[in-house]
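Down below is the structure, laid out as structure tokens.
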Amino acid sequence: MKKIFLIVAVFAIQLGFSQKVTSLKIEKGEQKEKLIELSKNQLTSYNANFVKFLAALKASDRKASDELLSAKAKEIVTDKIYQKLSTDIHFEKKLEIFKSGYKPMIDGSSYPMIQYKYSDDKATIPNELVTVVFEESGKILGVKPFKK
């Protein structure tokens, strides 16, 4: 009998402490509508900056490549990262635009992004991609080569 009262008491306490949401209000913050694709002017501008960055990276010109990076990227990028990029990107192959759009970040902001594939890769989903994220000003925030 004591066991039954104990079990009933435990359930009653849980029921007493449970809360019911009586009103829920969802507030929408101001969100900027971003286009899914980048405009042709943005694509040509960002693509030109990336081509300059690749040329500087290929020539191992740190000063020229730093000028194309954003202030946030300059703080993080080291010589090891430049070396890793130099080995991961195939300079002898031609890059072409695969996709473009906006990349959402953890803080809720989104930045323009272009994904490049190598022109000799004819697969629907390329085996190797190079994703480049830009600031609105055209400065490069990040470059990430990806292999399947």
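We name chains A, B, ... following the order of the structure tokens; residues begin at 1 in each chain, and ligands are numbered from 1 as shown.
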
Can you check which parts of region 87-137 of chain A lie within 10 Å of region 52-62 of chain A? Per residue, the shortest pair of atoms and distance in Å to one decimal, counting only C-alpha atoms, sorted by chain and number, as CSV.
```
residue,atom,partner,partner_atom,distance
A:Thr87,CA,A:Lys58,CA,9.9
A:Ile89,CA,A:Leu54,CA,9.0
A:His90,CA,A:Lys58,CA,9.7
A:Phe91,CA,A:Lys58,CA,7.2
```

Keeping N, CA, C and O atoms, export the residues of the selection given above as a short mmCIF file (atom, residue, chain, number, x, y, z; two decimals), in the first residue's frame.
```cif
data_model
loop_
_atom_site.label_atom_id
_atom_site.label_comp_id
_atom_site.auth_asym_id
_atom_site.auth_seq_id
_atom_site.Cartn_x
_atom_site.Cartn_y
_atom_site.Cartn_z
N THR A 87 48.65 23.73 -52.55
CA THR A 87 48.70 22.30 -52.88
C THR A 87 47.31 21.74 -53.22
O THR A 87 47.21 20.83 -54.03
N ILE A 89 44.67 23.43 -54.62
CA ILE A 89 44.10 23.97 -55.86
C ILE A 89 45.03 23.61 -57.01
O ILE A 89 46.23 23.85 -56.96
N HIS A 90 44.45 23.05 -58.06
CA HIS A 90 45.22 22.64 -59.25
C HIS A 90 45.27 23.82 -60.21
O HIS A 90 44.30 24.11 -60.90
N PHE A 91 46.42 24.48 -60.28
CA PHE A 91 46.55 25.66 -61.11
C PHE A 91 46.61 25.33 -62.59
O PHE A 91 46.31 26.17 -63.43
#
```

For Lys94 (chain A), find every residue with an atom within 9 Å (counting only C-alpha atoms), except residues of its own chain fewer than 6 positions away, and show them as a ChimeraX atom specification. /A:117-120

Please write the residues from the selection above to a file, keeping C-alpha atoms, as a compact mmCIF listing (two decimals), in the first residue's frame.
```txt
# COMPACT_ATOMS: atom_id res chain seq x y z
CA LYS A 117 34.51 23.29 -60.54
CA TYR A 118 37.30 22.18 -62.81
CA SER A 119 36.31 22.38 -66.47
CA ASP A 120 37.44 18.81 -67.24
```

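Take CA of Ile114 (chain A) and CA of Lys99 (chain A): the distance between them is 5.9 Å.
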
Please identify all polymer residues within 10 Å of Lys72 (chain A), counting only C-alpha atoms, omitting same-chain residues fewer than 2 positions from it, and present them as a ChimeraX atom specification. /A:69-70,74-77,140-142

Those selected residues, please, written with N, CA, C and O atoms and delivered as a CSV table (one decimal), in the first residue's frame.
```csv
chain,number,residue,atom,x,y,z
A,69,LEU,N,42.2,40.0,-49.6
A,69,LEU,CA,41.5,39.4,-48.5
A,69,LEU,C,40.8,40.4,-47.6
A,69,LEU,O,41.2,41.6,-47.5
A,70,SER,N,39.7,40.0,-47.0
A,70,SER,CA,39.0,40.9,-46.1
A,70,SER,C,39.8,41.0,-44.8
A,70,SER,O,40.7,40.2,-44.5
A,74,LYS,N,42.4,38.3,-43.0
A,74,LYS,CA,43.8,38.6,-42.8
A,74,LYS,C,44.3,38.2,-41.4
A,74,LYS,O,45.4,37.8,-41.2
A,75,GLU,N,43.4,38.3,-40.5
A,75,GLU,CA,43.8,38.0,-39.1
A,75,GLU,C,44.0,36.5,-38.9
A,75,GLU,O,44.8,36.1,-38.1
A,76,ILE,N,43.3,35.7,-39.7
A,76,ILE,CA,43.4,34.2,-39.5
A,76,ILE,C,44.4,33.5,-40.4
A,76,ILE,O,45.1,32.6,-40.0
A,77,VAL,N,44.6,34.1,-41.6
A,77,VAL,CA,45.4,33.4,-42.6
A,77,VAL,C,46.9,33.5,-42.2
A,77,VAL,O,47.4,34.5,-41.9
A,140,ILE,N,37.7,38.8,-50.4
A,140,ILE,CA,37.6,37.4,-50.1
A,140,ILE,C,37.6,37.1,-48.6
A,140,ILE,O,38.5,37.5,-47.9
A,141,LEU,N,36.5,36.5,-48.2
A,141,LEU,CA,36.4,36.0,-46.8
A,141,LEU,C,37.0,34.7,-46.5
A,141,LEU,O,37.6,34.4,-45.5
A,142,GLY,N,36.8,33.8,-47.5
A,142,GLY,CA,37.3,32.4,-47.3
A,142,GLY,C,37.4,31.6,-48.6
A,142,GLY,O,36.6,31.9,-49.5
```

Could you give me, as a PDB file with N, CA and C atoms, in the first residue's frame, the residues within 12 Å of region 121-127 of chain A, counting only C-alpha atoms and dropping anything in the same chain fewer than 5 positions from it?
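Final output, part_2.pdb:
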```pdb
ATOM      1  N   LYS A  93      44.704  23.266 -64.140  1.00  0.00           N
ATOM      2  CA  LYS A  93      43.341  23.064 -64.638  1.00  0.00           C
ATOM      3  C   LYS A  93      42.578  24.383 -64.597  1.00  0.00           C
ATOM      4  N   LYS A  94      41.633  24.514 -65.504  1.00  0.00           N
ATOM      5  CA  LYS A  94      40.842  25.742 -65.567  1.00  0.00           C
ATOM      6  C   LYS A  94      39.614  25.596 -64.662  1.00  0.00           C
ATOM      7  N   LEU A  95      39.327  26.640 -63.894  1.00  0.00           N
ATOM      8  CA  LEU A  95      38.144  26.660 -63.032  1.00  0.00           C
ATOM      9  C   LEU A  95      37.006  27.371 -63.743  1.00  0.00           C
ATOM     10  N   GLU A  96      35.798  26.845 -63.569  1.00  0.00           N
ATOM     11  CA  GLU A  96      34.610  27.516 -64.095  1.00  0.00           C
ATOM     12  C   GLU A  96      33.546  27.545 -63.007  1.00  0.00           C
ATOM     13  N   ILE A  97      32.636  28.505 -63.121  1.00  0.00           N
ATOM     14  CA  ILE A  97      31.612  28.683 -62.101  1.00  0.00           C
ATOM     15  C   ILE A  97      30.618  27.537 -62.157  1.00  0.00           C
ATOM     16  N   PHE A  98      30.397  26.909 -61.011  1.00  0.00           N
ATOM     17  CA  PHE A  98      29.438  25.813 -60.897  1.00  0.00           C
ATOM     18  C   PHE A  98      28.122  26.328 -60.316  1.00  0.00           C
ATOM     19  N   LYS A  99      28.203  27.069 -59.215  1.00  0.00           N
ATOM     20  CA  LYS A  99      27.023  27.610 -58.529  1.00  0.00           C
ATOM     21  C   LYS A  99      27.370  28.948 -57.923  1.00  0.00           C
ATOM     22  N   GLN A 115      30.833  28.837 -56.135  1.00  0.00           N
ATOM     23  CA  GLN A 115      31.479  27.525 -56.154  1.00  0.00           C
ATOM     24  C   GLN A 115      32.028  27.295 -57.553  1.00  0.00           C
ATOM     25  N   TYR A 116      33.295  26.909 -57.612  1.00  0.00           N
ATOM     26  CA  TYR A 116      33.957  26.638 -58.878  1.00  0.00           C
ATOM     27  C   TYR A 116      34.188  25.144 -59.005  1.00  0.00           C
ATOM     28  N   PRO A 145      38.818  24.521 -50.746  1.00  0.00           N
ATOM     29  CA  PRO A 145      38.791  23.420 -51.731  1.00  0.00           C
ATOM     30  C   PRO A 145      38.154  22.191 -51.095  1.00  0.00           C
ATOM     31  N   PHE A 146      37.378  21.462 -51.893  1.00  0.00           N
ATOM     32  CA  PHE A 146      36.672  20.281 -51.390  1.00  0.00           C
ATOM     33  C   PHE A 146      36.838  19.141 -52.375  1.00  0.00           C
ATOM     34  N   LYS A 147      37.171  17.962 -51.857  1.00  0.00           N
ATOM     35  CA  LYS A 147      37.272  16.750 -52.673  1.00  0.00           C
ATOM     36  C   LYS A 147      36.348  15.696 -52.111  1.00  0.00           C
ATOM     37  N   LYS A 148      35.718  14.932 -52.989  1.00  0.00           N
ATOM     38  CA  LYS A 148      34.848  13.838 -52.548  1.00  0.00           C
ATOM     39  C   LYS A 148      35.661  12.729 -51.939  1.00  0.00           C
TER      40      LYS A 148
END
```

May I have all residues of chain A that DSSP, computed from the backbone, assigns to helix (DSSP H, G or I), given as a ChimeraX atom specification? /A:2-17,40-58,62-67,71-76,79-88

Can you work out which one of A:Asn47, A:Lys3, A:Lys139, A:Val130 has the shortest atom-to-atom distance to Asp88 (chain A), counting only C-alpha atoms?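 Using only C-alpha atoms, the shortest distance to Asp88 (chain A) belongs to A:Val130.
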